[in-house]
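Student: My questions will all concern the structure given below.
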Amino acid sequence: MDKARGMLGAVAEMFDLPADVVAGLPRVELIGSRQLYLETHTGLLSYSPEQIDANTPHGVLRVGGENLTLLAMTGGELRLGGHIRTVEWVDHAG
């Protein structure tokens with residue numbers, strides 16, 4: 001496993017790419033407390049105005065708040081809106 005990580009780091013450095021992109025890790029961007037952008041998701045597990053659980057290859061991203069809405073979603077990216085109060089990683093069992 002360490003050899004694979006070292007190889008990913010070398011590829012990232014060679015092509016001047018961020019290591020997280022090469023490794024396929026989820027990327028989360030929070031814009032204030034009003035919008036959240038997630039790259040590399042594999043679908044929604046739950047959806048309500050108070051909580052949204054998004055599945056990723058590395059765990060579940062749980063977003064809590066008020067008036068949460070799905071603003072946009074593609075096969076690998078999603079954007080949420082509303083009043084975001086919490087963002088946490090939870091295991092697959094929830």
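Lettering and numbering for the structure tokens are positional, with chains as A, B, ... in the shown order, residues counted from 1 in each chain, and ligands counted from 1 in the shown order.
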Among region 16-63 of chain A, which ones does DSSP place in strand (DSSP E), written as a PyMOL selection string?
Tutor: chain A and resi 27-31+35-39+43-47+51-56+59-63
Student: Show me, as a list in words, the residues that have an atom within 10 Å of Gly75 (chain A) when counting only C-alpha atoms, minus same-chain residues fewer than 6 positions from it.
Tutor: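 Final neighbour list, sorted by chain and number: Glu39, Thr40, His41, Thr42 and Gly43 of chain A.
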Student: Based on the selection just made, write C-alpha atoms of those residues as a JSON list (two decimals), in the first residue's frame.
Tutor:
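Contents of the output file out35.json:
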[["chain", "number", "residue", "atom", "x", "y", "z"],
["A", 39, "GLU", "CA", -16.29, 16.14, -6.10],
["A", 40, "THR", "CA", -16.01, 12.34, -6.34],
["A", 41, "HIS", "CA", -19.29, 11.19, -4.83],
["A", 42, "THR", "CA", -21.06, 7.94, -5.61],
["A", 43, "GLY", "CA", -24.63, 8.96, -4.83]]
Student: Using only C-alpha atoms, which protein or nucleic acid residues come within 9 Å of region 51-59 of chain A? Drop anything in the same chain fewer than 5 positions from it, and give the result as a PyMOL selection string.
Tutor: chain A and resi 24-26+38-46+64-66+68-70+80+89-92
Student: What does the distance from CA of Gly76 (chain A) to CA of Val28 (chain A) come to in Å, to one decimal?
Tutor: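 Taking CA of Gly76 (chain A) and CA of Val28 (chain A), their separation equals 12.2 Å.
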Student: Need the shell around Ser33 (chain A): protein/DNA/RNA residues with any atom at most 7 Å away, counting only C-alpha atoms. Skip same-chain ones fewer than 6 positions apart. Format as a list in words?
Tutor: His83, Ile84 and Arg85 of chain A
